[in-house]
Every structure is written in C-alpha cells, then in structure tokens.
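Raw target22.csv, CSV, N, CA and C atoms and all ligand atoms:
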chain,number,residue,atom,x,y,z
A,1,MET,N,0.8,-1.2,0.0
A,1,MET,CA,0.0,0.0,0.0
A,1,MET,C,0.9,1.3,0.0
A,2,ASN,N,0.5,2.2,-0.7
A,2,ASN,CA,1.2,3.4,-0.8
A,2,ASN,C,1.1,4.3,0.4
A,3,GLN,N,2.2,4.8,0.9
A,3,GLN,CA,2.2,5.7,2.0
A,3,GLN,C,1.5,7.1,1.6
A,4,LEU,N,0.5,7.4,2.4
A,4,LEU,CA,-0.1,8.7,2.2
A,4,LEU,C,1.0,9.8,2.7
A,5,CYS,N,0.9,10.9,2.0
A,5,CYS,CA,2.0,11.9,2.3
A,5,CYS,C,1.8,12.4,3.8
A,6,TYR,N,3.0,12.7,4.4
A,6,TYR,CA,3.0,13.2,5.8
A,6,TYR,C,2.4,14.5,5.9
A,7,CYS,N,2.3,15.3,4.8
A,7,CYS,CA,1.8,16.7,4.9
A,7,CYS,C,0.3,16.8,4.8
A,8,ASN,N,-0.4,15.6,4.9
A,8,ASN,CA,-1.8,15.5,4.9
A,8,ASN,C,-2.5,16.1,3.7
A,9,SER,N,-1.9,15.9,2.5
A,9,SER,CA,-2.5,16.4,1.3
A,9,SER,C,-3.5,15.4,0.7
A,10,ASP,N,-3.5,14.2,1.3
A,10,ASP,CA,-4.3,13.1,0.7
A,10,ASP,C,-3.8,12.5,-0.6
A,11,LYS,N,-2.6,13.0,-0.9
A,11,LYS,CA,-1.9,12.4,-2.1
A,11,LYS,C,-0.9,11.3,-1.5
A,12,VAL,N,-0.4,10.5,-2.4
A,12,VAL,CA,0.6,9.5,-2.0
A,12,VAL,C,1.9,10.2,-1.9
A,13,PHE,N,2.8,9.8,-0.9
A,13,PHE,CA,4.0,10.5,-0.7
A,13,PHE,C,4.9,10.6,-1.9
A,14,GLU,N,4.9,9.5,-2.8
A,14,GLU,CA,5.8,9.5,-4.0
A,14,GLU,C,5.3,10.5,-5.0
A,15,LYS,N,4.1,10.9,-4.9
A,15,LYS,CA,3.6,11.9,-5.9
A,15,LYS,C,3.4,13.3,-5.2
A,16,CYS,N,3.9,13.4,-4.0
A,16,CYS,CA,3.7,14.7,-3.3
A,16,CYS,C,5.0,15.2,-2.8
A,17,CYS,N,5.4,15.0,-1.6
A,17,CYS,CA,6.6,15.6,-1.1
A,17,CYS,C,7.9,14.9,-1.4
A,18,GLN,N,7.8,13.6,-1.6
A,18,GLN,CA,9.1,12.8,-1.8
A,18,GLN,C,10.0,13.3,-2.9
A,19,PRO,N,9.4,13.5,-4.2
A,19,PRO,CA,10.3,14.0,-5.2
A,19,PRO,C,10.9,15.4,-5.0
A,20,ILE,N,10.2,16.2,-4.2
A,20,ILE,CA,10.7,17.5,-3.8
A,20,ILE,C,11.9,17.3,-2.8
A,21,ILE,N,11.7,16.5,-1.8
A,21,ILE,CA,12.7,16.3,-0.8
A,21,ILE,C,14.0,15.7,-1.4
A,22,LEU,N,13.7,14.8,-2.4
A,22,LEU,CA,14.9,14.1,-3.0
A,22,LEU,C,15.6,14.9,-4.1
A,23,GLY,N,14.9,16.1,-4.4
A,23,GLY,CA,15.5,16.9,-5.4
A,23,GLY,C,15.2,16.6,-6.9
A,24,PHE,N,14.3,15.7,-7.1
A,24,PHE,CA,13.9,15.3,-8.5
A,24,PHE,C,13.0,16.3,-9.1
A,25,LYS,N,12.4,17.2,-8.2
A,25,LYS,CA,11.4,18.1,-8.7
A,25,LYS,C,11.5,19.3,-7.8
A,26,ASN,N,11.3,20.5,-8.3
A,26,ASN,CA,11.2,21.7,-7.5
A,26,ASN,C,9.8,21.9,-7.0
A,27,ALA,N,9.7,22.4,-5.8
A,27,ALA,CA,8.3,22.9,-5.3
A,27,ALA,C,7.8,23.9,-6.3
A,28,THR,N,6.6,23.9,-6.7
A,28,THR,CA,6.1,24.8,-7.7
A,28,THR,C,5.4,26.0,-7.0
A,29,SER,N,5.3,26.0,-5.7
A,29,SER,CA,4.6,27.1,-4.9
A,29,SER,C,5.2,27.1,-3.5
A,30,ALA,N,4.9,28.3,-2.9
A,30,ALA,CA,5.4,28.4,-1.5
A,30,ALA,C,4.7,27.3,-0.6
A,31,GLU,N,3.4,27.0,-0.9
A,31,GLU,CA,2.7,26.0,-0.1
A,31,GLU,C,3.4,24.6,-0.3
A,32,GLU,N,3.7,24.2,-1.6
A,32,GLU,CA,4.4,23.0,-1.8
A,32,GLU,C,5.7,22.9,-1.0
A,33,CYS,N,6.4,24.0,-1.0
A,33,CYS,CA,7.7,24.1,-0.3
A,33,CYS,C,7.5,23.9,1.2
A,34,MET,N,6.4,24.6,1.7
A,34,MET,CA,6.1,24.4,3.1
A,34,MET,C,5.7,23.0,3.5
A,35,ARG,N,4.9,22.4,2.6
A,35,ARG,CA,4.5,21.0,2.9
A,35,ARG,C,5.6,20.0,2.9
A,36,SER,N,6.5,20.3,1.9
A,36,SER,CA,7.7,19.3,1.8
A,36,SER,C,8.6,19.5,3.0
A,37,ARG,N,8.7,20.7,3.5
A,37,ARG,CA,9.5,20.9,4.7
A,37,ARG,C,8.9,20.3,5.9
A,38,TYR,N,7.6,20.3,6.0
A,38,TYR,CA,7.0,19.6,7.1
A,38,TYR,C,7.3,18.1,7.0
A,39,SER,N,7.1,17.5,5.8
A,39,SER,CA,7.4,16.1,5.6
A,39,SER,C,8.9,15.8,5.9
A,40,ALA,N,9.7,16.8,5.6
A,40,ALA,CA,11.2,16.6,5.9
A,40,ALA,C,11.4,16.5,7.4
A,41,TYR,N,10.7,17.3,8.1
A,41,TYR,CA,10.8,17.3,9.6
A,41,TYR,C,10.4,15.9,10.1
A,42,VAL,N,9.2,15.4,9.5
A,42,VAL,CA,8.8,14.1,10.0
A,42,VAL,C,9.8,13.0,9.7
A,43,LEU,N,10.5,13.1,8.6
A,43,LEU,CA,11.5,12.1,8.2
A,43,LEU,C,12.9,12.4,8.6
A,44,GLY,N,13.1,13.6,9.3
A,44,GLY,CA,14.5,13.9,9.7
A,44,GLY,C,15.4,14.2,8.5
A,45,GLU,N,14.9,14.7,7.4
A,45,GLU,CA,15.7,15.0,6.2
A,45,GLU,C,16.3,16.4,6.3
A,46,VAL,N,17.4,16.5,7.1
A,46,VAL,CA,18.0,17.7,7.5
A,46,VAL,C,18.6,18.5,6.4
A,47,ASP,N,19.2,17.7,5.4
A,47,ASP,CA,19.9,18.4,4.3
A,47,ASP,C,18.9,19.2,3.5
A,48,TYR,N,17.7,18.6,3.2
A,48,TYR,CA,16.7,19.3,2.5
A,48,TYR,C,16.2,20.5,3.3
A,49,LEU,N,16.0,20.4,4.6
A,49,LEU,CA,15.6,21.5,5.4
A,49,LEU,C,16.5,22.7,5.3
A,50,LEU,N,17.8,22.4,5.3
A,50,LEU,CA,18.8,23.5,5.2
A,50,LEU,C,18.8,24.0,3.7
A,51,ASN,N,18.8,23.1,2.8
A,51,ASN,CA,18.9,23.5,1.4
A,51,ASN,C,17.7,24.4,1.0
A,52,SER,N,16.5,24.1,1.6
A,52,SER,CA,15.3,24.9,1.2
A,52,SER,C,15.1,26.1,2.1
A,53,THR,N,16.1,26.4,2.9
A,53,THR,CA,16.2,27.7,3.7
A,53,THR,C,16.9,28.7,2.8
A,54,PHE,N,16.4,29.9,2.7
A,54,PHE,CA,17.1,30.9,1.8
A,54,PHE,C,18.5,31.1,2.2
A,55,PRO,N,19.4,31.1,1.3
A,55,PRO,CA,20.9,31.0,1.6
A,55,PRO,C,21.3,32.0,2.6
A,56,SER,N,20.8,33.3,2.6
A,56,SER,CA,21.3,34.3,3.5
A,56,SER,C,20.8,34.0,4.9
A,57,GLN,N,19.8,33.2,5.1
A,57,GLN,CA,19.2,32.9,6.4
A,57,GLN,C,19.7,31.6,7.0
A,58,ARG,N,20.5,30.9,6.3
A,58,ARG,CA,21.0,29.5,6.8
A,58,ARG,C,21.8,29.7,8.1
A,59,ARG,N,22.5,30.8,8.2
A,59,ARG,CA,23.4,30.9,9.4
A,59,ARG,C,22.6,31.0,10.7
A,60,TYR,N,21.3,31.2,10.6
A,60,TYR,CA,20.5,31.2,11.9
A,60,TYR,C,20.1,29.8,12.3
A,61,TYR,N,20.4,28.8,11.5
A,61,TYR,CA,20.0,27.4,11.8
A,61,TYR,C,21.2,26.5,11.8
A,62,SER,N,21.2,25.5,12.8
A,62,SER,CA,22.3,24.6,12.8
A,62,SER,C,21.7,23.2,12.4
A,63,LYS,N,22.5,22.5,11.7
A,63,LYS,CA,22.1,21.1,11.3
A,63,LYS,C,21.7,20.2,12.5
A,64,SER,N,22.6,20.3,13.5
A,64,SER,CA,22.3,19.5,14.7
A,64,SER,C,21.1,19.9,15.4
A,65,GLU,N,20.8,21.2,15.5
A,65,GLU,CA,19.5,21.6,16.2
A,65,GLU,C,18.3,21.2,15.4
A,66,ILE,N,18.4,21.3,14.1
A,66,ILE,CA,17.2,20.9,13.2
A,66,ILE,C,17.0,19.4,13.4
A,67,LYS,N,18.1,18.7,13.4
A,67,LYS,CA,18.0,17.2,13.5
A,67,LYS,C,17.4,16.8,14.8
A,68,ALA,N,17.9,17.4,15.9
A,68,ALA,CA,17.4,17.1,17.2
A,68,ALA,C,15.9,17.4,17.3
A,69,TRP,N,15.5,18.6,16.8
A,69,TRP,CA,14.1,19.0,16.9
A,69,TRP,C,13.2,18.1,16.1
A,70,SER,N,13.7,17.7,14.9
A,70,SER,CA,12.9,16.8,14.0
A,70,SER,C,12.7,15.4,14.6
A,71,GLN,N,13.8,15.0,15.3
A,71,GLN,CA,13.7,13.6,15.8
A,71,GLN,C,13.2,13.4,17.2
A,72,GLU,N,13.3,14.4,18.1
A,72,GLU,CA,12.8,14.2,19.4
A,72,GLU,C,11.3,14.4,19.5
A,73,ASN,N,10.6,14.9,18.5
A,73,ASN,CA,9.2,15.1,18.5
A,73,ASN,C,8.5,14.0,17.7
A,74,THR,N,7.3,13.7,18.1
A,74,THR,CA,6.5,12.8,17.3
A,74,THR,C,5.5,13.6,16.5
A,75,TRP,N,5.7,13.7,15.2
A,75,TRP,CA,4.9,14.6,14.3
A,75,TRP,C,3.6,14.0,14.0
A,76,GLN,N,2.5,14.7,14.2
A,76,GLN,CA,1.1,14.2,14.0
A,76,GLN,C,0.4,14.6,12.8
A,77,LYS,N,0.4,15.9,12.6
A,77,LYS,CA,-0.3,16.4,11.3
A,77,LYS,C,0.0,17.9,11.1
A,78,LEU,N,-0.2,18.2,9.8
A,78,LEU,CA,0.0,19.6,9.4
A,78,LEU,C,-1.4,20.1,9.0
A,79,GLU,N,-1.6,21.4,9.3
A,79,GLU,CA,-2.9,22.0,8.9
A,79,GLU,C,-2.5,23.4,8.3
A,80,ILE,N,-2.9,23.6,7.1
A,80,ILE,CA,-2.6,24.9,6.4
A,80,ILE,C,-3.8,25.8,6.8
A,81,ILE,N,-3.4,26.9,7.4
A,81,ILE,CA,-4.5,27.9,7.8
A,81,ILE,C,-4.8,28.9,6.7
A,82,PHE,N,-3.7,29.4,6.1
A,82,PHE,CA,-3.8,30.4,5.1
A,82,PHE,C,-2.6,30.2,4.1
A,83,SER,N,-2.9,30.4,2.9
A,83,SER,CA,-1.9,30.1,1.9
A,83,SER,C,-2.0,31.2,0.8
A,84,SER,N,-0.9,31.9,0.5
A,84,SER,CA,-0.9,32.9,-0.5
A,84,SER,C,0.3,32.7,-1.4
A,85,PHE,N,0.7,33.6,-2.2
A,85,PHE,CA,1.8,33.5,-3.1
A,85,PHE,C,3.1,33.2,-2.3
A,86,ASP,N,3.4,34.0,-1.3
A,86,ASP,CA,4.6,33.8,-0.6
A,86,ASP,C,4.5,33.7,1.0
A,87,ILE,N,3.3,33.7,1.5
A,87,ILE,CA,3.0,33.6,2.9
A,87,ILE,C,2.2,32.4,3.2
A,88,ILE,N,2.6,31.6,4.1
A,88,ILE,CA,1.8,30.4,4.5
A,88,ILE,C,1.7,30.4,6.0
A,89,GLU,N,0.5,30.3,6.4
A,89,GLU,CA,0.2,30.2,7.9
A,89,GLU,C,-0.2,28.8,8.1
A,90,PHE,N,0.4,28.1,9.1
A,90,PHE,CA,0.1,26.7,9.4
A,90,PHE,C,0.2,26.4,10.8
A,91,LYS,N,-0.4,25.2,11.1
A,91,LYS,CA,-0.2,24.6,12.5
A,91,LYS,C,0.3,23.2,12.3
A,92,ALA,N,1.4,23.0,13.0
A,92,ALA,CA,2.0,21.6,13.0
A,92,ALA,C,1.8,21.0,14.4
A,93,TYR,N,1.1,19.9,14.4
A,93,TYR,CA,0.8,19.2,15.7
A,93,TYR,C,1.8,18.1,15.9
A,94,TYR,N,2.3,18.1,17.2
A,94,TYR,CA,3.3,17.1,17.5
A,94,TYR,C,3.3,16.9,19.0
A,95,LEU,N,3.9,15.7,19.4
A,95,LEU,CA,4.1,15.4,20.8
A,95,LEU,C,5.6,15.7,21.1
A,96,ASP,N,5.9,16.4,22.1
A,96,ASP,CA,7.3,16.7,22.4
A,96,ASP,C,7.9,15.5,23.1
A,97,LYS,N,9.2,15.6,23.5
A,97,LYS,CA,9.8,14.5,24.1
A,97,LYS,C,9.2,14.0,25.4
A,98,SER,N,8.5,14.9,26.1
A,98,SER,CA,7.8,14.4,27.3
A,98,SER,C,6.3,14.0,27.0
A,99,ASN,N,6.0,13.8,25.7
A,99,ASN,CA,4.7,13.4,25.3
A,99,ASN,C,3.6,14.4,25.5
A,100,LYS,N,4.0,15.7,25.5
A,100,LYS,CA,3.1,16.8,25.7
A,100,LYS,C,2.6,17.2,24.3
A,101,GLN,N,1.3,17.4,24.2
A,101,GLN,CA,0.7,17.9,22.9
A,101,GLN,C,1.1,19.3,22.6
A,102,ILE,N,1.7,19.6,21.5
A,102,ILE,CA,2.1,20.9,21.1
A,102,ILE,C,1.5,21.3,19.8
A,103,ILE,N,1.0,22.5,19.7
A,103,ILE,CA,0.6,23.0,18.4
A,103,ILE,C,1.5,24.2,18.0
A,104,HIS,N,2.3,23.9,17.0
A,104,HIS,CA,3.3,25.0,16.6
A,104,HIS,C,2.5,25.8,15.5
A,105,HIS,N,2.2,27.0,15.8
A,105,HIS,CA,1.4,27.9,14.9
A,105,HIS,C,2.4,28.9,14.4
A,106,GLU,N,2.6,29.0,13.1
A,106,GLU,CA,3.6,29.8,12.5
A,106,GLU,C,3.1,30.4,11.2
A,107,LYS,N,3.5,31.7,10.9
A,107,LYS,CA,3.3,32.3,9.6
A,107,LYS,C,4.6,32.4,9.0
A,108,SER,N,4.8,31.8,7.9
A,108,SER,CA,6.2,31.8,7.3
A,108,SER,C,6.2,32.5,6.0
A,109,LYS,N,7.3,33.2,5.7
A,109,LYS,CA,7.5,33.9,4.4
A,109,LYS,C,8.5,33.0,3.6
A,110,PHE,N,8.1,32.9,2.3
A,110,PHE,CA,8.9,32.2,1.4
A,110,PHE,C,9.4,33.1,0.2
A,111,LYS,N,10.5,32.7,-0.4
A,111,LYS,CA,11.0,33.5,-1.5
A,111,LYS,C,11.4,32.5,-2.6
A,112,ASN,N,11.1,33.0,-3.8
A,112,ASN,CA,11.5,32.2,-5.0
A,112,ASN,C,12.7,32.9,-5.6
A,113,GLU,N,13.7,32.1,-5.9
A,113,GLU,CA,14.9,32.5,-6.6
A,113,GLU,C,15.4,31.5,-7.5
A,114,ASN,N,15.6,31.8,-8.8
A,114,ASN,CA,16.0,30.9,-9.8
A,114,ASN,C,15.1,29.6,-9.8
A,115,ASN,N,13.8,29.9,-9.8
A,115,ASN,CA,12.9,28.8,-9.9
A,115,ASN,C,12.9,27.8,-8.7
A,116,PHE,N,13.4,28.2,-7.6
A,116,PHE,CA,13.4,27.4,-6.4
A,116,PHE,C,12.8,28.1,-5.3
A,117,TRP,N,11.8,27.5,-4.6
A,117,TRP,CA,11.2,28.1,-3.4
A,117,TRP,C,12.0,27.8,-2.2
A,118,TYR,N,12.2,28.9,-1.4
A,118,TYR,CA,12.9,28.8,-0.1
A,118,TYR,C,12.0,29.3,1.0
A,119,PHE,N,12.2,28.7,2.2
A,119,PHE,CA,11.7,29.3,3.4
A,119,PHE,C,12.6,30.5,3.7
A,120,TYR,N,11.9,31.6,4.0
A,120,TYR,CA,12.7,32.8,4.3
A,120,TYR,C,12.7,33.1,5.8
A,121,SER,N,11.6,33.3,6.4
A,121,SER,CA,11.5,33.6,7.8
A,121,SER,C,10.2,33.2,8.4
A,122,GLY,N,10.1,33.0,9.7
A,122,GLY,CA,8.8,32.6,10.3
A,122,GLY,C,8.5,33.5,11.5
A,123,GLU,N,7.2,33.7,11.7
A,123,GLU,CA,6.7,34.4,12.9
A,123,GLU,C,5.9,33.3,13.6
A,124,VAL,N,6.3,33.0,14.9
A,124,VAL,CA,5.6,32.0,15.6
A,124,VAL,C,4.6,32.6,16.6
A,125,PHE,N,3.4,32.1,16.6
A,125,PHE,CA,2.4,32.7,17.5
A,125,PHE,C,2.3,31.9,18.8
B,201,ZN,ZN,3.2,16.1,0.8

Is it possible to express this structure as structure tokens?
Ligand SMILES: [Zn+2]
Amino acid sequence: MNQLCYCNSDKVFEKCCQPIILGFKNATSAEECMRSRYSAYVLGEVDYLLNSTFPSQRRYYSKSEIKAWSQENTWQKLEIIFSSFDIIEFKAYYLDKSNKQIIHHEKSKFKNENNFWYFYSGEVF
C-alpha cells in the first residue's frame, strides 16, 4: 500500500513531497515548499531542510539543532491555515519528548529565486 503523504495532502508520498525532498522536482509554490519541509521534519531530512532555507538565512539554523528537533518530537499532522503566493500560515501538531501535545502555529515567508522556493523567515504565535 502506498504511504499517504506526511503533509496531509491526501496524495501519496511518492507523488507529493518525496520527489521534492529528494531533489527530483522543485516545489512549484510556497505551499508545496512548506508542505515538503513539514514532511522533511517528519522524516529527519535535515539536508533538504537546510537547502530549502534561503541562503542568507541559513546561518541562523544549525544542522544538529534541526536534526534534534525533528527527531525528538512525534509529528502528528499539518494544517494549512492560510496560503498565498509567498506567505503560508500553518499549524503543526506534535508530541514533544515528554509526550506533551504541542501545536506549533507559524506564519512563514517564502522566497523564490532561480525557480526554487525557499523558506525565508517565520513568525511563531
Ligand atoms: Zn506532501
């Protein structure tokens, strides 16, 4: 049976976020970029998470911190609250390492450069 995508798109993973995470296909919108980044968190795909962060912003993130955050939490679901050309507001539901339910509510800004969508910055509520 095909794995449904972790981003809750109701598509199968191989036709949704997987080709984007593996670099076979570019995200075609900020929302696709956001969804693929959520799936990358679920899977601990740290290289993709850094590569899809806008180059000038990467210095604010460390590979080890991203890896720890992606792995110590149990990711439950993604809910897109608002989606526009370059702003996506979402809620990511997860259990933290002490099994506490967390809802991470963020409004993220994305930028497109050379036909590649990048996460630029996020405002966490
Ligand atoms: Zn997906």

Hey, which residues come within 8 Å of ligand ZN 201 (chain B) if we count all atoms listed in the file? Could you give them as a PDB file with N, CA and C atoms, keeping the file's coordinate frame?
ATOM      1  N   LEU A   4       0.500   7.400   2.400  1.00  0.00           N
ATOM      2  CA  LEU A   4      -0.100   8.700   2.200  1.00  0.00           C
ATOM      3  C   LEU A   4       1.000   9.800   2.700  1.00  0.00           C
ATOM      4  N   CYS A   5       0.900  10.900   2.000  1.00  0.00           N
ATOM      5  CA  CYS A   5       2.000  11.900   2.300  1.00  0.00           C
ATOM      6  C   CYS A   5       1.800  12.400   3.800  1.00  0.00           C
ATOM      7  N   TYR A   6       3.000  12.700   4.400  1.00  0.00           N
ATOM      8  CA  TYR A   6       3.000  13.200   5.800  1.00  0.00           C
ATOM      9  C   TYR A   6       2.400  14.500   5.900  1.00  0.00           C
ATOM     10  N   CYS A   7       2.300  15.300   4.800  1.00  0.00           N
ATOM     11  CA  CYS A   7       1.800  16.700   4.900  1.00  0.00           C
ATOM     12  C   CYS A   7       0.300  16.800   4.800  1.00  0.00           C
ATOM     13  N   ASN A   8      -0.400  15.600   4.900  1.00  0.00           N
ATOM     14  CA  ASN A   8      -1.800  15.500   4.900  1.00  0.00           C
ATOM     15  C   ASN A   8      -2.500  16.100   3.700  1.00  0.00           C
ATOM     16  N   SER A   9      -1.900  15.900   2.500  1.00  0.00           N
ATOM     17  CA  SER A   9      -2.500  16.400   1.300  1.00  0.00           C
ATOM     18  C   SER A   9      -3.500  15.400   0.700  1.00  0.00           C
ATOM     19  N   ASP A  10      -3.500  14.200   1.300  1.00  0.00           N
ATOM     20  CA  ASP A  10      -4.300  13.100   0.700  1.00  0.00           C
ATOM     21  C   ASP A  10      -3.800  12.500  -0.600  1.00  0.00           C
ATOM     22  N   LYS A  11      -2.600  13.000  -0.900  1.00  0.00           N
ATOM     23  CA  LYS A  11      -1.900  12.400  -2.100  1.00  0.00           C
ATOM     24  C   LYS A  11      -0.900  11.300  -1.500  1.00  0.00           C
ATOM     25  N   VAL A  12      -0.400  10.500  -2.400  1.00  0.00           N
ATOM     26  CA  VAL A  12       0.600   9.500  -2.000  1.00  0.00           C
ATOM     27  C   VAL A  12       1.900  10.200  -1.900  1.00  0.00           C
ATOM     28  N   PHE A  13       2.800   9.800  -0.900  1.00  0.00           N
ATOM     29  CA  PHE A  13       4.000  10.500  -0.700  1.00  0.00           C
ATOM     30  C   PHE A  13       4.900  10.600  -1.900  1.00  0.00           C
ATOM     31  N   GLU A  14       4.900   9.500  -2.800  1.00  0.00           N
ATOM     32  CA  GLU A  14       5.800   9.500  -4.000  1.00  0.00           C
ATOM     33  C   GLU A  14       5.300  10.500  -5.000  1.00  0.00           C
ATOM     34  N   LYS A  15       4.100  10.900  -4.900  1.00  0.00           N
ATOM     35  CA  LYS A  15       3.600  11.900  -5.900  1.00  0.00           C
ATOM     36  C   LYS A  15       3.400  13.300  -5.200  1.00  0.00           C
ATOM     37  N   CYS A  16       3.900  13.400  -4.000  1.00  0.00           N
ATOM     38  CA  CYS A  16       3.700  14.700  -3.300  1.00  0.00           C
ATOM     39  C   CYS A  16       5.000  15.200  -2.800  1.00  0.00           C
ATOM     40  N   CYS A  17       5.400  15.000  -1.600  1.00  0.00           N
ATOM     41  CA  CYS A  17       6.600  15.600  -1.100  1.00  0.00           C
ATOM     42  C   CYS A  17       7.900  14.900  -1.400  1.00  0.00           C
ATOM     43  N   GLN A  18       7.800  13.600  -1.600  1.00  0.00           N
ATOM     44  CA  GLN A  18       9.100  12.800  -1.800  1.00  0.00           C
ATOM     45  C   GLN A  18      10.000  13.300  -2.900  1.00  0.00           C
ATOM     46  N   GLU A  32       3.700  24.200  -1.600  1.00  0.00           N
ATOM     47  CA  GLU A  32       4.400  23.000  -1.800  1.00  0.00           C
ATOM     48  C   GLU A  32       5.700  22.900  -1.000  1.00  0.00           C
ATOM     49  N   MET A  34       6.400  24.600   1.700  1.00  0.00           N
ATOM     50  CA  MET A  34       6.100  24.400   3.100  1.00  0.00           C
ATOM     51  C   MET A  34       5.700  23.000   3.500  1.00  0.00           C
ATOM     52  N   ARG A  35       4.900  22.400   2.600  1.00  0.00           N
ATOM     53  CA  ARG A  35       4.500  21.000   2.900  1.00  0.00           C
ATOM     54  C   ARG A  35       5.600  20.000   2.900  1.00  0.00           C
ATOM     55  N   SER A  36       6.500  20.300   1.900  1.00  0.00           N
ATOM     56  CA  SER A  36       7.700  19.300   1.800  1.00  0.00           C
ATOM     57  C   SER A  36       8.600  19.500   3.000  1.00  0.00           C
ATOM     58  N   ARG A  37       8.700  20.700   3.500  1.00  0.00           N
ATOM     59  CA  ARG A  37       9.500  20.900   4.700  1.00  0.00           C
ATOM     60  C   ARG A  37       8.900  20.300   5.900  1.00  0.00           C
ATOM     61  N   TYR A  38       7.600  20.300   6.000  1.00  0.00           N
ATOM     62  CA  TYR A  38       7.000  19.600   7.100  1.00  0.00           C
ATOM     63  C   TYR A  38       7.300  18.100   7.000  1.00  0.00           C
ATOM     64  N   SER A  39       7.100  17.500   5.800  1.00  0.00           N
ATOM     65  CA  SER A  39       7.400  16.100   5.600  1.00  0.00           C
ATOM     66  C   SER A  39       8.900  15.800   5.900  1.00  0.00           C
TER      67      SER A  39
END

Q: Please measure the separation of CA of Lys25 (chain A) and CA of Val124 (chain A), giving the value in Å to one decimal.
A: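 Separating CA of Lys25 (chain A) from CA of Val124 (chain A) is a distance of 28.6 Å.
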
Q.
I'd like to know which residues of chain A are strand (DSSP E or B) (by DSSP, run on the backbone); could you write them as a ChimeraX atom specification?
A. /A:4,12,53,74-83,87-95,101-113,116-124

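Reported to one decimal place, the separation of CA of Ile66 (chain A) from CA of Phe116 (chain A) is 21.0 Å.
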
(Q) Counting only C-alpha atoms, I want the residues whose atoms come within 7 Å of (7.8, 34.9, 3.3) in the file frame, returned as a ChimeraX atom specification. (A) /A:86-87,108-111,119-121

Q: State, in Å with one decimal place, the distance from atom C of Phe125 (chain A) to CA of Glu106 (chain A).
A: 6.8 Å

Just region 24-81 of chain A, please, as a PDB file, in the first residue's frame (only C-alpha atoms).
ATOM      1  CA  PHE A  24      13.867  15.292  -8.466  1.00  0.00           C
ATOM      2  CA  LYS A  25      11.380  18.125  -8.716  1.00  0.00           C
ATOM      3  CA  ASN A  26      11.231  21.708  -7.455  1.00  0.00           C
ATOM      4  CA  ALA A  27       8.339  22.859  -5.342  1.00  0.00           C
ATOM      5  CA  THR A  28       6.064  24.844  -7.653  1.00  0.00           C
ATOM      6  CA  SER A  29       4.634  27.088  -4.939  1.00  0.00           C
ATOM      7  CA  ALA A  30       5.368  28.366  -1.457  1.00  0.00           C
ATOM      8  CA  GLU A  31       2.736  25.964  -0.145  1.00  0.00           C
ATOM      9  CA  GLU A  32       4.404  22.958  -1.780  1.00  0.00           C
ATOM     10  CA  CYS A  33       7.699  24.093  -0.318  1.00  0.00           C
ATOM     11  CA  MET A  34       6.124  24.411   3.124  1.00  0.00           C
ATOM     12  CA  ARG A  35       4.457  21.015   2.877  1.00  0.00           C
ATOM     13  CA  SER A  36       7.676  19.344   1.769  1.00  0.00           C
ATOM     14  CA  ARG A  37       9.526  20.943   4.673  1.00  0.00           C
ATOM     15  CA  TYR A  38       6.965  19.574   7.132  1.00  0.00           C
ATOM     16  CA  SER A  39       7.382  16.091   5.622  1.00  0.00           C
ATOM     17  CA  ALA A  40      11.154  16.560   5.852  1.00  0.00           C
ATOM     18  CA  TYR A  41      10.788  17.259   9.569  1.00  0.00           C
ATOM     19  CA  VAL A  42       8.753  14.083   9.981  1.00  0.00           C
ATOM     20  CA  LEU A  43      11.485  12.129   8.191  1.00  0.00           C
ATOM     21  CA  GLY A  44      14.508  13.935   9.662  1.00  0.00           C
ATOM     22  CA  GLU A  45      15.666  15.045   6.186  1.00  0.00           C
ATOM     23  CA  VAL A  46      17.969  17.735   7.537  1.00  0.00           C
ATOM     24  CA  ASP A  47      19.879  18.377   4.306  1.00  0.00           C
ATOM     25  CA  TYR A  48      16.685  19.279   2.493  1.00  0.00           C
ATOM     26  CA  LEU A  49      15.561  21.489   5.381  1.00  0.00           C
ATOM     27  CA  LEU A  50      18.781  23.480   5.174  1.00  0.00           C
ATOM     28  CA  ASN A  51      18.862  23.541   1.363  1.00  0.00           C
ATOM     29  CA  SER A  52      15.317  24.867   1.236  1.00  0.00           C
ATOM     30  CA  THR A  53      16.163  27.677   3.667  1.00  0.00           C
ATOM     31  CA  PHE A  54      17.052  30.908   1.845  1.00  0.00           C
ATOM     32  CA  PRO A  55      20.874  31.036   1.579  1.00  0.00           C
ATOM     33  CA  SER A  56      21.302  34.288   3.530  1.00  0.00           C
ATOM     34  CA  GLN A  57      19.177  32.883   6.373  1.00  0.00           C
ATOM     35  CA  ARG A  58      20.965  29.549   6.826  1.00  0.00           C
ATOM     36  CA  ARG A  59      23.397  30.949   9.374  1.00  0.00           C
ATOM     37  CA  TYR A  60      20.509  31.172  11.874  1.00  0.00           C
ATOM     38  CA  TYR A  61      19.993  27.415  11.800  1.00  0.00           C
ATOM     39  CA  SER A  62      22.252  24.567  12.761  1.00  0.00           C
ATOM     40  CA  LYS A  63      22.071  21.124  11.296  1.00  0.00           C
ATOM     41  CA  SER A  64      22.342  19.467  14.707  1.00  0.00           C
ATOM     42  CA  GLU A  65      19.526  21.579  16.181  1.00  0.00           C
ATOM     43  CA  ILE A  66      17.237  20.879  13.224  1.00  0.00           C
ATOM     44  CA  LYS A  67      18.026  17.190  13.472  1.00  0.00           C
ATOM     45  CA  ALA A  68      17.376  17.084  17.223  1.00  0.00           C
ATOM     46  CA  TRP A  69      14.078  18.978  16.903  1.00  0.00           C
ATOM     47  CA  SER A  70      12.889  16.801  14.036  1.00  0.00           C
ATOM     48  CA  GLN A  71      13.749  13.566  15.831  1.00  0.00           C
ATOM     49  CA  GLU A  72      12.788  14.220  19.448  1.00  0.00           C
ATOM     50  CA  ASN A  73       9.196  15.113  18.508  1.00  0.00           C
ATOM     51  CA  THR A  74       6.453  12.804  17.286  1.00  0.00           C
ATOM     52  CA  TRP A  75       4.902  14.582  14.331  1.00  0.00           C
ATOM     53  CA  GLN A  76       1.137  14.178  14.037  1.00  0.00           C
ATOM     54  CA  LYS A  77      -0.297  16.408  11.344  1.00  0.00           C
ATOM     55  CA  LEU A  78      -0.041  19.586   9.365  1.00  0.00           C
ATOM     56  CA  GLU A  79      -2.878  22.030   8.936  1.00  0.00           C
ATOM     57  CA  ILE A  80      -2.592  24.885   6.446  1.00  0.00           C
ATOM     58  CA  ILE A  81      -4.494  27.862   7.830  1.00  0.00           C
TER      59      ILE A  81
END
